[in-house]
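S.K.: I have a structure I would like to understand better, so I am pasting it below and will then ask my questions one at a time.
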Amino acid sequence: MNYENKDLIFKEIPTGKTAWRSPSNIALVKYWGKTGVQIPSNPSVSFTLSKSHTDTTVHYAPSVHGNCGVEFYFDGLPNEAFAEKTRQFFSKLGNIFPFVNQLNFRIYSKNSFPHSAGIASSASGMSAIALALCDIENIHFMTFPDKDSFFKKASYVARLGSGSACRSLFGGIVEWGLTDEYPESSNYYGTPLNNKINSIFENYHDSILIVDSGEKKVSSTIGHGLMNSNPFSSTRFVQANKNIATLNNTLKNGDLNSFVKLVESEALTLHSMMMTSSPYYLLMKPGTVSIIEKIWEFRNDTSIPVCFTLDAGPNVHILYPHKYNTEVQDFIKINLLCFTADGYVINDVTGQGPEKLEAK
Ligand code: DP6
């Protein structure tokens with residue numbers, strides 16, 4: 001897979017703007033461990049969310065000095081940390097979008113959820129920037145024959161910014177990483193899995209309970225690196241591949257008992273990889289464990305197929321079919337809010353993927 005294209009250079013350098021809304025996603029089978037240039041050590045599958053998203057407007061103008069400058073405003077305020085992160089991202093893209101070095105960028109970004117609420121802002125943030133760059137290419141070079149090729153390239157580019165971001169480019173359920181289960185799968189971009197998915201997974205709910213909204217002690221990028229020396233990593237990668245196969249069947253047949261078991265096991269395995277890394281670390285908080293125990297109790301008592309998953313953080317994603325919304329909302333209010341930071345819950349649901357906004 002090669003998106004290098006030295007012809008994407010402006011003769012007359014334009015000024016313009018483009019704006020995109022891109023969603024976050026929550027992995028069911030987790031990406032944890034990578035090699036080479038953002039190549040995942042195992043395939044992963046996620047639900048694309050709808051209410052948790054990033055809105056990004058990119059203004060571009062000729063660069064006077066002939067190199068790329070980036071200013072970044074987050075929630076209306078200059079943010080040098082995000083500017084630097086974006087500069088580093090752009091520095092990897094010189095062969096894919098050579099025009100990047102002819103432009104200065106002023107980027108305005110805001111999340112629908114608080115930054116560092118522990119929900120993956122890098123996925124929505126990086127995918128929104130990738131979309132903006134592909135859109136600049138589309139507007140000025142008209143290189144995309146169709147929508148599919150546009151989003152595939154955006155996914156490829158987003159992956160270089162943050163691995164999980166490549167799954168945010170499509171709606172519904174998205175797979176990333178080479179596997180025999182899906183002939184169209186790739187290590188370089190995400191693939192939407194929306195054929196033959198059981199209707200029980202439409203509008204699947206994800207209520208995100210924010211247990212702790214503080215900055216993580218260990219970043220995901222460092223966590224991935226620690227998998228290189230984790231004594232259990234090779235077993236984990238084999239297990240993830242098996243889980244992809246099991247999940248493939250489950251997504252077709254709608255067997256929620258199998259879904260619940262697989263998703264919870266994936267979440268706990270992810271965190272067990274953190275606990276068995278060297279140095280070891282723990283991202284769960286007491287509230288995380290209390291919520292998990294309450295979910296197990298509730299599922300036992302009611303037989304409602306609600307389950308949890310975790311990202312690389314302490315917050316709990318509660319996953320359940322649309323038809324149990326009322327029961328699960330009551331359960332959260334009565335039994336779980338006491339374990340959250342100030343009663344903070346984001347009631348999200350699976351979504352349709354990114355959308356272009358009117359650039360202001
Ligand atoms: C636990 O995509 O944040 O959320 O590629 O280093 O940016 P980088 O890592 P990142 O890792 C996310 C890991 C995860 C699981 C997942 O989303 O699959």
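Residue numbering restarts at 1 for every chain of the structure tokens, chains are lettered A, B, ... in their displayed order, and ligands are numbered from 1 as they appear.
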For Leu178 (chain A), find every residue with an atom within 8 Å (counting only C-alpha atoms), except residues of its own chain fewer than 5 positions away, and show them as a PyMOL selection string.
M.R.: chain A and resi 42-43+185-187
S.K.: Around ligand 1, at most 9 Å away and counting only C-alpha atoms and all ligand atoms, which residues are there? Put them as a tab-separated table (two decimals) with all heavy atoms, in the first residue's frame, please.
M.R.:
chain	number	residue	atom	x	y	z
A	25	ASN	N	-14.27	6.09	18.69
A	25	ASN	CA	-14.74	4.70	18.57
A	25	ASN	C	-14.35	3.92	19.81
A	25	ASN	O	-13.44	4.33	20.54
A	25	ASN	CB	-14.19	4.06	17.29
A	25	ASN	CG	-12.69	3.83	17.32
A	25	ASN	OD1	-12.19	2.95	18.03
A	25	ASN	ND2	-11.93	4.64	16.56
A	26	ILE	N	-15.05	2.81	20.04
A	26	ILE	CA	-14.69	1.96	21.18
A	26	ILE	C	-14.43	0.54	20.66
A	26	ILE	O	-15.27	-0.05	19.98
A	26	ILE	CB	-15.79	1.98	22.29
A	26	ILE	CG1	-15.40	1.05	23.44
A	26	ILE	CG2	-17.18	1.62	21.75
A	26	ILE	CD1	-14.22	1.51	24.27
A	27	ALA	N	-13.22	0.05	20.98
A	27	ALA	CA	-12.83	-1.27	20.46
A	27	ALA	C	-13.51	-2.39	21.24
A	27	ALA	O	-13.64	-2.33	22.46
A	27	ALA	CB	-11.31	-1.42	20.54
A	28	LEU	N	-13.94	-3.41	20.49
A	28	LEU	CA	-14.49	-4.64	21.09
A	28	LEU	C	-13.35	-5.65	21.23
A	28	LEU	O	-13.13	-6.22	22.30
A	28	LEU	CB	-15.61	-5.20	20.19
A	28	LEU	CG	-16.71	-4.19	19.85
A	28	LEU	CD1	-17.66	-4.76	18.79
A	28	LEU	CD2	-17.49	-3.78	21.10
A	29	VAL	N	-12.60	-5.86	20.13
A	29	VAL	CA	-11.33	-6.59	20.20
A	29	VAL	C	-10.25	-5.52	20.10
A	29	VAL	O	-10.27	-4.67	19.20
A	29	VAL	CB	-11.19	-7.60	19.04
A	29	VAL	CG1	-9.80	-8.23	19.03
A	29	VAL	CG2	-12.26	-8.69	19.17
A	30	LYS	N	-9.35	-5.52	21.06
A	30	LYS	CA	-8.44	-4.37	21.25
A	30	LYS	C	-7.17	-4.46	20.44
A	30	LYS	O	-6.56	-5.54	20.33
A	30	LYS	CB	-8.04	-4.28	22.73
A	30	LYS	CG	-9.19	-4.31	23.73
A	30	LYS	CD	-10.02	-3.04	23.69
A	30	LYS	CE	-11.16	-3.10	24.70
A	30	LYS	NZ	-12.00	-1.89	24.65
A	31	TYR	N	-6.77	-3.31	19.95
A	31	TYR	CA	-5.43	-3.10	19.36
A	31	TYR	C	-4.50	-2.76	20.52
A	31	TYR	O	-4.68	-1.74	21.19
A	31	TYR	CB	-5.56	-1.96	18.35
A	31	TYR	CG	-4.38	-1.03	18.14
A	31	TYR	CD1	-3.11	-1.50	17.80
A	31	TYR	CD2	-4.56	0.36	18.25
A	31	TYR	CE1	-2.06	-0.61	17.58
A	31	TYR	CE2	-3.51	1.25	18.02
A	31	TYR	CZ	-2.26	0.77	17.69
A	31	TYR	OH	-1.23	1.64	17.47
A	32	TRP	N	-3.54	-3.63	20.79
A	32	TRP	CA	-2.59	-3.35	21.88
A	32	TRP	C	-1.27	-4.00	21.54
A	32	TRP	O	-1.11	-5.21	21.67
A	32	TRP	CB	-3.15	-3.86	23.23
A	32	TRP	CG	-2.48	-3.20	24.41
A	32	TRP	CD1	-1.74	-3.82	25.37
A	32	TRP	CD2	-2.51	-1.81	24.75
A	32	TRP	NE1	-1.28	-2.90	26.28
A	32	TRP	CE2	-1.74	-1.64	25.92
A	32	TRP	CE3	-3.08	-0.68	24.18
A	32	TRP	CZ2	-1.54	-0.41	26.53
A	32	TRP	CZ3	-2.89	0.56	24.78
A	32	TRP	CH2	-2.14	0.68	25.94
A	33	GLY	N	-0.35	-3.22	21.04
A	33	GLY	CA	0.92	-3.74	20.53
A	33	GLY	C	1.02	-3.38	19.06
A	33	GLY	O	0.04	-3.53	18.32
A	34	LYS	N	2.20	-2.86	18.67
A	34	LYS	CA	2.36	-2.51	17.25
A	34	LYS	C	3.81	-2.68	16.84
A	34	LYS	O	4.71	-2.73	17.68
A	34	LYS	CB	1.88	-1.08	17.00
A	34	LYS	CG	2.57	0.00	17.81
A	34	LYS	CD	2.05	1.39	17.42
A	34	LYS	CE	2.31	2.43	18.49
A	34	LYS	NZ	1.81	3.76	18.14
A	38	GLN	N	3.35	2.04	12.58
A	38	GLN	CA	1.94	1.95	12.97
A	38	GLN	C	1.24	0.73	12.39
A	38	GLN	O	0.11	0.84	11.89
A	38	GLN	CB	1.20	3.23	12.55
A	38	GLN	CG	1.67	4.48	13.27
A	38	GLN	CD	1.11	4.55	14.69
A	38	GLN	OE1	1.75	4.12	15.66
A	38	GLN	NE2	-0.09	5.07	14.85
A	39	ILE	N	1.92	-0.42	12.43
A	39	ILE	CA	1.30	-1.67	11.99
A	39	ILE	C	0.85	-2.41	13.24
A	39	ILE	O	1.66	-2.66	14.15
A	39	ILE	CB	2.33	-2.52	11.20
A	39	ILE	CG1	2.84	-1.76	9.98
A	39	ILE	CG2	1.73	-3.86	10.80
A	39	ILE	CD1	1.78	-1.33	8.98
A	40	PRO	N	-0.43	-2.75	13.32
A	40	PRO	CA	-0.92	-3.38	14.56
A	40	PRO	C	-0.40	-4.82	14.69
A	40	PRO	O	-0.27	-5.51	13.69
A	40	PRO	CB	-2.44	-3.38	14.35
A	40	PRO	CG	-2.63	-3.44	12.87
A	40	PRO	CD	-1.48	-2.67	12.28
A	43	PRO	N	-5.28	-7.85	14.70
A	43	PRO	CA	-6.45	-7.12	14.19
A	43	PRO	C	-7.37	-6.68	15.33
A	43	PRO	O	-7.36	-7.29	16.42
A	43	PRO	CB	-7.15	-8.15	13.29
A	43	PRO	CG	-6.61	-9.48	13.68
A	43	PRO	CD	-5.31	-9.28	14.37
A	44	SER	N	-8.14	-5.64	15.08
A	44	SER	CA	-9.08	-5.14	16.09
A	44	SER	C	-10.40	-4.78	15.41
A	44	SER	O	-10.45	-4.61	14.18
A	44	SER	CB	-8.49	-3.90	16.79
A	44	SER	OG	-8.15	-2.90	15.85
A	45	VAL	N	-11.45	-4.67	16.23
A	45	VAL	CA	-12.78	-4.31	15.71
A	45	VAL	C	-13.41	-3.33	16.68
A	45	VAL	O	-13.28	-3.50	17.90
A	45	VAL	CB	-13.69	-5.56	15.58
A	45	VAL	CG1	-15.14	-5.18	15.35
A	45	VAL	CG2	-13.22	-6.46	14.44
A	46	SER	N	-14.07	-2.30	16.15
A	46	SER	CA	-14.69	-1.32	17.05
A	46	SER	C	-16.07	-0.89	16.58
A	46	SER	O	-16.42	-1.04	15.42
A	46	SER	CB	-13.80	-0.07	17.16
A	46	SER	OG	-13.56	0.47	15.89
A	119	ILE	N	-11.86	9.29	27.19
A	119	ILE	CA	-12.35	8.67	25.97
A	119	ILE	C	-11.47	9.14	24.82
A	119	ILE	O	-10.95	10.26	24.85
A	119	ILE	CB	-13.87	8.84	25.75
A	119	ILE	CG1	-14.26	10.27	25.51
A	119	ILE	CG2	-14.65	8.29	26.90
A	119	ILE	CD1	-15.73	10.37	25.13
A	120	ALA	N	-11.30	8.23	23.86
A	120	ALA	CA	-10.21	8.38	22.90
A	120	ALA	C	-10.33	9.64	22.04
A	120	ALA	O	-10.92	9.63	20.97
A	120	ALA	CB	-10.17	7.14	22.02
A	121	SER	N	-9.75	10.74	22.50
A	121	SER	CA	-9.82	11.97	21.72
A	121	SER	C	-8.81	11.92	20.58
A	121	SER	O	-8.96	12.63	19.59
A	121	SER	CB	-9.59	13.19	22.59
A	121	SER	OG	-8.32	13.13	23.16
A	122	SER	N	-7.77	11.08	20.68
A	122	SER	CA	-6.81	11.03	19.58
A	122	SER	C	-7.47	10.40	18.35
A	122	SER	O	-7.17	10.78	17.22
A	122	SER	CB	-5.53	10.29	19.97
A	122	SER	OG	-5.80	8.94	20.19
A	123	ALA	N	-8.39	9.47	18.55
A	123	ALA	CA	-9.05	8.82	17.40
A	123	ALA	C	-9.90	9.83	16.64
A	123	ALA	O	-9.78	9.97	15.42
A	123	ALA	CB	-9.91	7.65	17.87
A	159	ARG	N	-4.30	6.63	10.58
A	159	ARG	CA	-3.52	5.59	11.27
A	159	ARG	C	-2.11	6.07	11.63
A	159	ARG	O	-1.57	5.74	12.68
A	159	ARG	CB	-3.40	4.36	10.34
A	159	ARG	CG	-2.67	3.21	10.95
A	159	ARG	CD	-2.29	2.16	9.90
A	159	ARG	NE	-0.87	2.21	9.62
A	159	ARG	CZ	-0.33	2.53	8.46
A	159	ARG	NH1	-1.08	2.82	7.42
A	159	ARG	NH2	0.98	2.56	8.32
A	160	LEU	N	-1.52	6.89	10.74
A	160	LEU	CA	-0.17	7.37	11.01
A	160	LEU	C	-0.17	8.35	12.18
A	160	LEU	O	0.84	8.52	12.86
A	160	LEU	CB	0.42	8.03	9.75
A	160	LEU	CG	0.55	7.09	8.55
A	160	LEU	CD1	1.02	7.85	7.32
A	160	LEU	CD2	1.52	5.94	8.85
A	161	GLY	N	-1.32	9.00	12.44
A	161	GLY	CA	-1.44	9.92	13.58
A	161	GLY	C	-1.71	9.16	14.86
A	161	GLY	O	-1.11	9.42	15.91
A	162	SER	N	-2.60	8.19	14.79
A	162	SER	CA	-2.93	7.35	15.96
A	162	SER	C	-3.62	6.10	15.42
A	162	SER	O	-4.60	6.22	14.66
A	162	SER	CB	-3.86	8.12	16.90
A	162	SER	OG	-4.19	7.30	18.00
A	163	GLY	N	-3.13	4.94	15.80
A	163	GLY	CA	-3.62	3.70	15.21
A	163	GLY	C	-5.14	3.58	15.24
A	163	GLY	O	-5.79	3.38	14.20
A	164	SER	N	-5.72	3.73	16.43
A	164	SER	CA	-7.16	3.50	16.56
A	164	SER	C	-7.97	4.53	15.74
A	164	SER	O	-9.13	4.29	15.43
A	164	SER	CB	-7.58	3.55	18.03
A	164	SER	OG	-7.18	4.77	18.60
A	165	ALA	N	-7.34	5.65	15.38
A	165	ALA	CA	-8.05	6.69	14.60
A	165	ALA	C	-8.48	6.17	13.24
A	165	ALA	O	-9.48	6.63	12.68
A	165	ALA	CB	-7.15	7.91	14.43
A	166	CYS	N	-7.77	5.17	12.70
A	166	CYS	CA	-8.10	4.70	11.34
A	166	CYS	C	-9.46	4.01	11.32
A	166	CYS	O	-10.03	3.81	10.26
A	166	CYS	CB	-7.01	3.82	10.77
A	166	CYS	SG	-7.01	2.14	11.39
A	167	ARG	N	-9.98	3.62	12.51
A	167	ARG	CA	-11.30	2.97	12.54
A	167	ARG	C	-12.43	3.99	12.64
A	167	ARG	O	-13.60	3.63	12.54
A	167	ARG	CB	-11.38	1.99	13.73
A	167	ARG	CG	-10.37	0.84	13.67
A	167	ARG	CD	-10.63	-0.16	14.80
A	167	ARG	NE	-10.73	0.55	16.06
A	167	ARG	CZ	-9.94	0.39	17.11
A	167	ARG	NH1	-8.98	-0.51	17.09
A	167	ARG	NH2	-10.11	1.12	18.20
A	176	TRP	N	-9.75	-3.32	11.70
A	176	TRP	CA	-8.43	-2.86	11.24
A	176	TRP	C	-7.40	-3.95	11.52
A	176	TRP	O	-7.34	-4.44	12.65
A	176	TRP	CB	-8.02	-1.56	11.95
A	176	TRP	CG	-6.58	-1.16	11.75
A	176	TRP	CD1	-5.86	-1.23	10.59
A	176	TRP	CD2	-5.68	-0.66	12.75
A	176	TRP	NE1	-4.57	-0.78	10.79
A	176	TRP	CE2	-4.44	-0.43	12.11
A	176	TRP	CE3	-5.80	-0.37	14.11
A	176	TRP	CZ2	-3.33	0.08	12.79
A	176	TRP	CZ3	-4.70	0.14	14.80
A	176	TRP	CH2	-3.48	0.36	14.12
A	219	SER	N	0.79	6.77	28.69
A	219	SER	CA	0.07	6.96	27.42
A	219	SER	C	-0.09	5.63	26.70
A	219	SER	O	0.66	4.68	26.94
A	219	SER	CB	0.84	7.93	26.54
A	219	SER	OG	1.97	7.27	26.01
A	220	SER	N	-1.06	5.57	25.77
A	220	SER	CA	-1.26	4.34	24.99
A	220	SER	C	-0.02	4.02	24.18
A	220	SER	O	0.36	2.85	24.05
A	220	SER	CB	-2.44	4.50	24.03
A	220	SER	OG	-3.63	4.51	24.76
A	221	THR	N	0.63	5.06	23.64
A	221	THR	CA	1.81	4.80	22.80
A	221	THR	C	2.89	4.08	23.62
A	221	THR	O	3.50	3.12	23.14
A	221	THR	CB	2.33	6.14	22.22
A	221	THR	OG1	1.23	6.72	21.51
A	221	THR	CG2	3.48	5.95	21.27
A	222	ILE	N	3.09	4.51	24.86
A	222	ILE	CA	4.07	3.82	25.72
A	222	ILE	C	3.57	2.40	26.03
A	222	ILE	O	4.32	1.43	25.98
A	222	ILE	CB	4.35	4.65	26.99
A	222	ILE	CG1	5.12	5.90	26.58
A	222	ILE	CG2	5.10	3.82	28.04
A	222	ILE	CD1	5.40	6.88	27.69
A	223	GLY	N	2.28	2.29	26.31
A	223	GLY	CA	1.69	0.97	26.60
A	223	GLY	C	1.91	-0.02	25.45
A	223	GLY	O	2.28	-1.17	25.68
A	224	HIS	N	1.70	0.45	24.21
A	224	HIS	CA	1.93	-0.43	23.05
A	224	HIS	C	3.38	-0.90	23.04
A	224	HIS	O	3.66	-2.08	22.81
A	224	HIS	CB	1.68	0.33	21.74
A	224	HIS	CG	0.25	0.60	21.44
A	224	HIS	ND1	-0.64	-0.39	21.10
A	224	HIS	CD2	-0.47	1.76	21.41
A	224	HIS	CE1	-1.84	0.14	20.88
A	224	HIS	NE2	-1.76	1.45	21.07
A	225	GLY	N	4.30	0.04	23.32
A	225	GLY	CA	5.74	-0.29	23.29
A	225	GLY	C	6.09	-1.35	24.32
A	225	GLY	O	6.92	-2.23	24.06
A	267	ALA	N	-11.53	-6.67	27.38
A	267	ALA	CA	-11.24	-5.50	28.23
A	267	ALA	C	-10.30	-5.90	29.37
A	267	ALA	O	-9.31	-5.20	29.66
A	267	ALA	CB	-12.54	-4.93	28.80
A	270	LEU	N	-6.77	-6.63	28.07
A	270	LEU	CA	-6.04	-5.39	27.81
A	270	LEU	C	-5.39	-4.89	29.11
A	270	LEU	O	-4.19	-4.57	29.15
A	270	LEU	CB	-7.00	-4.33	27.25
A	270	LEU	CG	-6.49	-2.90	27.17
A	270	LEU	CD1	-5.43	-2.76	26.09
A	270	LEU	CD2	-7.64	-1.92	26.88
A	271	HIS	N	-6.20	-4.85	30.17
A	271	HIS	CA	-5.65	-4.32	31.44
A	271	HIS	C	-4.67	-5.30	32.08
A	271	HIS	O	-3.73	-4.87	32.75
A	271	HIS	CB	-6.80	-3.91	32.37
A	271	HIS	CG	-7.37	-2.58	31.94
A	271	HIS	ND1	-7.12	-1.40	32.60
A	271	HIS	CD2	-8.10	-2.24	30.84
A	271	HIS	CE1	-7.69	-0.40	31.93
A	271	HIS	NE2	-8.30	-0.89	30.87
A	310	LEU	N	-13.43	-1.53	28.44
A	310	LEU	CA	-12.55	-0.47	28.96
A	310	LEU	C	-11.59	-0.06	27.85
A	310	LEU	O	-11.18	-0.90	27.05
A	310	LEU	CB	-11.71	-1.00	30.13
A	310	LEU	CG	-12.47	-1.62	31.30
A	310	LEU	CD1	-11.53	-2.42	32.19
A	310	LEU	CD2	-13.15	-0.51	32.12
A	311	ASP	N	-11.25	1.21	27.81
A	311	ASP	CA	-10.16	1.67	26.97
A	311	ASP	C	-8.91	1.64	27.84
A	311	ASP	O	-8.95	1.10	28.94
A	311	ASP	CB	-10.45	3.11	26.52
A	311	ASP	CG	-10.79	3.17	25.04
A	311	ASP	OD1	-10.39	2.25	24.33
A	311	ASP	OD2	-11.43	4.15	24.63
A	312	ALA	N	-7.85	2.30	27.39
A	312	ALA	CA	-6.67	2.38	28.24
A	312	ALA	C	-6.88	3.47	29.27
A	312	ALA	O	-6.30	4.55	29.20
A	312	ALA	CB	-5.45	2.65	27.38
A	313	GLY	N	-7.77	3.22	30.22
A	313	GLY	CA	-8.09	4.19	31.26
A	313	GLY	C	-9.08	3.60	32.25
A	313	GLY	O	-9.49	2.45	32.09
S.K.: So that I can check the surroundings of Glu327 (chain A), please list as a CSV table (one decimal) with all heavy atoms, in the first residue's frame every protein, DNA and RNA residue that reaches within 12 Å of it, counting only C-alpha atoms and ignoring chain neighbours fewer than 2 positions away.
M.R.:
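Dumped to part-v8.csv:
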chain,number,residue,atom,x,y,z
A,298,PHE,N,-26.1,-7.2,38.2
A,298,PHE,CA,-27.3,-6.8,37.5
A,298,PHE,C,-27.6,-7.8,36.3
A,298,PHE,O,-28.8,-8.2,36.2
A,298,PHE,CB,-27.1,-5.4,36.9
A,298,PHE,CG,-28.2,-4.9,36.0
A,298,PHE,CD1,-29.4,-4.4,36.6
A,298,PHE,CD2,-28.1,-4.8,34.6
A,298,PHE,CE1,-30.5,-3.9,35.8
A,298,PHE,CE2,-29.1,-4.3,33.8
A,298,PHE,CZ,-30.3,-3.9,34.4
A,299,ARG,N,-26.6,-8.2,35.6
A,299,ARG,CA,-26.8,-9.2,34.5
A,299,ARG,C,-27.3,-10.5,35.1
A,299,ARG,O,-28.2,-11.1,34.5
A,299,ARG,CB,-25.5,-9.4,33.7
A,299,ARG,CG,-25.7,-10.0,32.4
A,299,ARG,CD,-24.5,-9.9,31.5
A,299,ARG,NE,-23.4,-10.7,32.0
A,299,ARG,CZ,-22.1,-10.2,32.0
A,299,ARG,NH1,-21.9,-9.0,31.6
A,299,ARG,NH2,-21.2,-11.0,32.4
A,302,THR,N,-31.1,-10.0,36.2
A,302,THR,CA,-32.1,-9.6,35.2
A,302,THR,C,-32.0,-10.4,33.9
A,302,THR,O,-33.0,-10.3,33.1
A,302,THR,CB,-32.0,-8.1,34.8
A,302,THR,OG1,-30.7,-7.9,34.2
A,302,THR,CG2,-32.1,-7.2,36.1
A,303,SER,N,-30.9,-11.0,33.7
A,303,SER,CA,-30.6,-11.7,32.4
A,303,SER,C,-30.6,-10.7,31.2
A,303,SER,O,-30.7,-11.1,30.0
A,303,SER,CB,-31.6,-12.8,32.0
A,303,SER,OG,-31.5,-13.8,33.0
A,304,ILE,N,-30.4,-9.4,31.5
A,304,ILE,CA,-30.3,-8.4,30.4
A,304,ILE,C,-28.8,-8.4,30.0
A,304,ILE,O,-27.9,-8.4,30.8
A,304,ILE,CB,-30.7,-7.0,30.9
A,304,ILE,CG1,-32.2,-6.9,31.2
A,304,ILE,CG2,-30.2,-5.9,29.9
A,304,ILE,CD1,-32.7,-5.6,31.7
A,305,PRO,N,-28.6,-8.6,28.7
A,305,PRO,CA,-27.2,-8.8,28.2
A,305,PRO,C,-26.4,-7.5,28.1
A,305,PRO,O,-25.9,-7.1,27.0
A,305,PRO,CB,-27.4,-9.4,26.8
A,305,PRO,CG,-28.7,-8.9,26.4
A,305,PRO,CD,-29.6,-8.7,27.6
A,306,VAL,N,-26.2,-6.9,29.2
A,306,VAL,CA,-25.4,-5.7,29.3
A,306,VAL,C,-24.0,-6.1,29.7
A,306,VAL,O,-23.8,-7.0,30.4
A,306,VAL,CB,-26.0,-4.7,30.3
A,306,VAL,CG1,-26.2,-5.4,31.6
A,306,VAL,CG2,-25.2,-3.5,30.5
A,320,TYR,N,-25.0,-2.1,25.5
A,320,TYR,CA,-26.2,-2.8,25.6
A,320,TYR,C,-27.1,-2.5,24.3
A,320,TYR,O,-27.0,-1.4,23.7
A,320,TYR,CB,-27.0,-2.5,26.8
A,320,TYR,CG,-27.1,-1.1,27.2
A,320,TYR,CD1,-28.3,-0.4,26.8
A,320,TYR,CD2,-26.1,-0.3,27.7
A,320,TYR,CE1,-28.4,1.0,27.1
A,320,TYR,CE2,-26.2,1.0,28.0
A,320,TYR,CZ,-27.4,1.7,27.7
A,320,TYR,OH,-27.5,3.0,27.9
A,321,PRO,N,-28.0,-3.5,24.0
A,321,PRO,CA,-28.9,-3.2,22.8
A,321,PRO,C,-29.9,-2.2,23.1
A,321,PRO,O,-30.3,-2.0,24.3
A,321,PRO,CB,-29.6,-4.6,22.6
A,321,PRO,CG,-28.8,-5.6,23.4
A,321,PRO,CD,-28.2,-4.8,24.5
A,322,HIS,N,-30.3,-1.5,22.1
A,322,HIS,CA,-31.2,-0.4,22.2
A,322,HIS,C,-32.5,-0.7,23.0
A,322,HIS,O,-33.0,0.1,23.8
A,322,HIS,CB,-31.6,0.1,20.8
A,322,HIS,CG,-32.6,1.2,20.8
A,322,HIS,ND1,-32.3,2.5,21.2
A,322,HIS,CD2,-33.9,1.3,20.3
A,322,HIS,CE1,-33.3,3.3,21.1
A,322,HIS,NE2,-34.3,2.5,20.6
A,323,LYS,N,-33.0,-2.0,22.8
A,323,LYS,CA,-34.3,-2.3,23.5
A,323,LYS,C,-34.2,-2.3,25.0
A,323,LYS,O,-35.2,-2.4,25.7
A,323,LYS,CB,-34.8,-3.6,22.9
A,323,LYS,CG,-34.0,-4.8,23.2
A,323,LYS,CD,-34.8,-6.0,22.6
A,323,LYS,CE,-33.9,-7.3,22.7
A,323,LYS,NZ,-34.4,-8.4,22.0
A,324,TYR,N,-33.0,-2.4,25.6
A,324,TYR,CA,-32.9,-2.4,27.1
A,324,TYR,C,-32.6,-1.0,27.6
A,324,TYR,O,-32.2,-0.9,28.8
A,324,TYR,CB,-31.9,-3.4,27.5
A,324,TYR,CG,-32.2,-4.8,27.1
A,324,TYR,CD1,-31.4,-5.5,26.2
A,324,TYR,CD2,-33.3,-5.5,27.7
A,324,TYR,CE1,-31.8,-6.8,25.8
A,324,TYR,CE2,-33.6,-6.8,27.3
A,324,TYR,CZ,-32.9,-7.4,26.3
A,324,TYR,OH,-33.2,-8.7,26.0
A,325,ASN,N,-32.7,0.0,26.8
A,325,ASN,CA,-32.3,1.4,27.2
A,325,ASN,C,-32.9,1.8,28.6
A,325,ASN,O,-32.2,2.3,29.5
A,325,ASN,CB,-32.6,2.4,26.1
A,325,ASN,CG,-32.0,3.7,26.4
A,325,ASN,OD1,-30.9,3.8,27.0
A,325,ASN,ND2,-32.6,4.8,26.0
A,329,GLN,N,-30.7,2.4,31.8
A,329,GLN,CA,-30.5,3.8,32.3
A,329,GLN,C,-30.9,3.9,33.8
A,329,GLN,O,-30.3,4.5,34.6
A,329,GLN,CB,-31.4,4.7,31.5
A,329,GLN,CG,-30.9,5.1,30.1
A,329,GLN,CD,-29.5,5.8,30.2
A,329,GLN,OE1,-29.3,6.7,31.1
A,329,GLN,NE2,-28.6,5.5,29.4
A,330,ASP,N,-32.0,3.2,34.2
A,330,ASP,CA,-32.4,3.2,35.6
A,330,ASP,C,-31.3,2.6,36.5
A,330,ASP,O,-31.0,3.1,37.6
A,330,ASP,CB,-33.7,2.3,35.8
A,330,ASP,CG,-34.9,3.1,35.3
A,330,ASP,OD1,-34.8,4.3,35.0
A,330,ASP,OD2,-36.0,2.5,35.1
A,331,PHE,N,-30.8,1.5,36.0
A,331,PHE,CA,-29.7,0.8,36.7
A,331,PHE,C,-28.5,1.7,36.9
A,331,PHE,O,-28.0,1.8,38.0
A,331,PHE,CB,-29.3,-0.5,35.9
A,331,PHE,CG,-28.0,-1.1,36.3
A,331,PHE,CD1,-27.7,-1.5,37.6
A,331,PHE,CD2,-27.0,-1.2,35.3
A,331,PHE,CE1,-26.5,-2.1,37.9
A,331,PHE,CE2,-25.7,-1.7,35.6
A,331,PHE,CZ,-25.5,-2.2,36.9
A,332,ILE,N,-28.2,2.4,35.9
A,332,ILE,CA,-27.0,3.3,36.0
A,332,ILE,C,-27.3,4.4,37.1
A,332,ILE,O,-26.5,4.7,38.0
A,332,ILE,CB,-26.7,4.0,34.6
A,332,ILE,CG1,-26.1,2.9,33.7
A,332,ILE,CG2,-25.7,5.1,34.8
A,332,ILE,CD1,-25.9,3.4,32.2
A,333,LYS,N,-28.5,5.0,36.9
A,333,LYS,CA,-28.9,6.1,37.9
A,333,LYS,C,-28.9,5.6,39.3
A,333,LYS,O,-28.3,6.3,40.2
A,333,LYS,CB,-30.3,6.6,37.5
A,333,LYS,CG,-30.2,7.8,36.5
A,333,LYS,CD,-31.6,8.4,36.2
A,333,LYS,CE,-31.6,8.7,34.7
A,333,LYS,NZ,-32.8,8.2,34.1
A,334,ILE,N,-29.5,4.5,39.5
A,334,ILE,CA,-29.6,4.0,40.9
A,334,ILE,C,-28.4,3.4,41.5
A,334,ILE,O,-28.0,3.7,42.6
A,334,ILE,CB,-30.8,3.0,41.0
A,334,ILE,CG1,-32.1,3.7,40.6
A,334,ILE,CG2,-31.0,2.4,42.4
A,334,ILE,CD1,-33.3,2.8,40.3
A,335,ASN,N,-27.6,2.7,40.7
A,335,ASN,CA,-26.5,1.9,41.2
A,335,ASN,C,-25.1,2.3,40.9
A,335,ASN,O,-24.2,1.9,41.5
A,335,ASN,CB,-26.7,0.4,40.8
A,335,ASN,CG,-28.0,-0.2,41.3
A,335,ASN,OD1,-28.1,-0.5,42.5
A,335,ASN,ND2,-28.9,-0.4,40.5
S.K.: Which is closer to Ala240 (chain A) than all the others in A:Arg87, A:Ser41, A:Gly94, A:Ile173, using only C-alpha atoms?
M.R.: A:Ser41
